[in-house]
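This report refers to the structure that appears directly beneath it.
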Amino acid sequence: MRPLTEEETRVMFEKIAKYEKILKLAANISGDKLVSLGTCFGKFTKTHKFRLHITALDYLAPYAKYKVWIKPGAEQSFLYGNHVLKSGLGRITENTSQYQGVVVYSMADVPLGFGVAAKSTQDCRKVDPMAIVVFHQADIGEYVRHEETLT
């Protein structure tokens with residue numbers, strides 16, 4: 001594994017900051033002192049965007065500012081990689097803005113994955129039941145579906 005460039009480091013921390021403002025903790029460590037050891041948080045795409053891996057869920061979920069809870073009937077659909085529809089939405093954190101990174105939970109408070117809010121909290125209240133409210137990004141079902149590529 002290679003060290004991150006300055007630009008890649010910036011993009012990675014911007015992505016993480018969408019889920020929680022823990023960037024302050026990592027900012028105390030200089031880039032040349034960071035080491036690749038332990039859990040892979042994600043990878044860079046060819047367009048230099050940072051894509052979170054599901055392996056980061058255990059570290060980000062307890063600190064998530066924006067959360068979405070989905071109904072038991074929608075859990076399996078989300079775990080197969082589908083977006084969350086309004087009909088499957090149980091609860092959503094107040095003041096969640098559109099395109100905000102969210103952590104998706106079951107109604108029993110078990111973290112299931114990451115997503116991006118397709119609608120704000122206010123918009124979710126008035127959309128029809130078949131509208132997408134959370135775009136799927138990663139879920140714990142990836143451990144089974146992509147176990148050979150997760151590192």
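We label chains A, B, ... in the order they appear in the structure tokens, count residues from 1 in each chain, and number ligands from 1 in the order shown.
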Could you give me, as an MDAnalysis selection string, the residues within 12 Å of segment 119-135 of chain A, counting only C-alpha atoms and dropping anything in the same chain fewer than 3 positions from it? chainID A and resid 66:70 74 78 81:105 113:116 138:139
Residue list (strand (DSSP E or B), DSSP) for segment 44-121 of chain A, as a list in words: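 Going through segment 44-121 of chain A, the strand (DSSP E or B) residues come out as Phe44, Phe50, Arg51, Leu52, Lys67, Val68, Trp69, Ile70, Val84, Leu85, Leu89, Gly90, Arg91, Ile92, Gly101, Val102, Val103, Val104, Tyr105, Ser106, Pro111, Leu112, Gly113, Phe114, Gly115, Val116 and Ala117 of chain A.
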Excluding Arg51 of chain A and its own-chain neighbours fewer than 3 positions away, which residues fall within 9 Å of it when counting only C-alpha atoms? Please give them as a PyMOL selection string. chain A and resi 12+15+41-45+137
Generate a file of the selected residues that holds N, CA, C and O atoms, formatted as a tab-separated table (two decimals), in the first residue's frame.
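Final output, saved to again-v3.tsv:
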```tsv
chain	number	residue	atom	x	y	z
A	12	MET	N	-9.98	12.39	1.31
A	12	MET	CA	-10.41	11.35	2.25
A	12	MET	C	-11.02	11.97	3.50
A	12	MET	O	-12.09	11.57	3.95
A	15	LYS	N	-14.45	13.46	2.93
A	15	LYS	CA	-15.48	12.42	2.88
A	15	LYS	C	-15.86	11.98	4.29
A	15	LYS	O	-17.04	11.85	4.63
A	41	PHE	N	-10.25	2.28	5.50
A	41	PHE	CA	-11.44	3.11	5.54
A	41	PHE	C	-12.07	3.29	4.17
A	41	PHE	O	-13.24	3.60	4.06
A	42	GLY	N	-11.28	3.15	3.12
A	42	GLY	CA	-11.84	3.29	1.78
A	42	GLY	C	-10.75	3.34	0.74
A	42	GLY	O	-9.58	3.12	1.03
A	43	LYS	N	-11.15	3.62	-0.49
A	43	LYS	CA	-10.20	3.69	-1.60
A	43	LYS	C	-10.53	4.89	-2.48
A	43	LYS	O	-11.65	5.39	-2.48
A	44	PHE	N	-9.54	5.32	-3.26
A	44	PHE	CA	-9.73	6.41	-4.20
A	44	PHE	C	-10.15	5.86	-5.55
A	44	PHE	O	-9.61	4.86	-6.01
A	45	THR	N	-11.08	6.57	-6.20
A	45	THR	CA	-11.49	6.20	-7.54
A	45	THR	C	-10.51	6.81	-8.53
A	45	THR	O	-9.64	7.60	-8.15
A	137	GLN	N	-24.69	3.55	-0.37
A	137	GLN	CA	-23.26	3.64	-0.65
A	137	GLN	C	-22.53	2.38	-0.24
A	137	GLN	O	-21.74	1.85	-1.00
```
Could you check how far atom CA of Val110 of chain A sits from atom CA of Phe13 of chain A, in Å to one decimal?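 Interatomic distance here is 24.7 Å.
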Please return as JSON, numbers by chain: the residues of chain A that backbone DSSP assigns to alpha helix (DSSP H). {"A": [6, 7, 8, 9, 10, 11, 12, 13, 14, 15, 16, 17, 18, 19, 23, 24, 25, 26, 57, 58, 59, 60, 72, 73, 74, 75, 76, 77, 78, 79, 121, 122, 123, 124, 142, 143, 144, 145]}
Please report the interatomic distance between atom CA of Tyr143 of chain A and atom CA of Leu52 of chain A in Å with one decimal.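 Distance reported for this atom pair: 13.8 Å.
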Would you mind reading off the distance between atom CA of Lys71 of chain A and atom CA of Ala108 of chain A, one decimal, in Å?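 Answer for the atom CA of Lys71 of chain A to atom CA of Ala108 of chain A separation: 9.4 Å.
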Find the residues around Thr55 of chain A up to 8 Å (only C-alpha atoms counted), leave out those fewer than 2 positions away in its own chain, and share them as a ChimeraX atom specification. /A:39-42,53,57-58
Give the answer as one residue: which of A:Pro62, A:Thr5, A:Glu75, A:Ala118 has the shortest atom-to-atom distance to Gly141 of chain A, using only C-alpha atoms?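 Checking each candidate against Gly141 of chain A, we get A:Glu75 as the closest.
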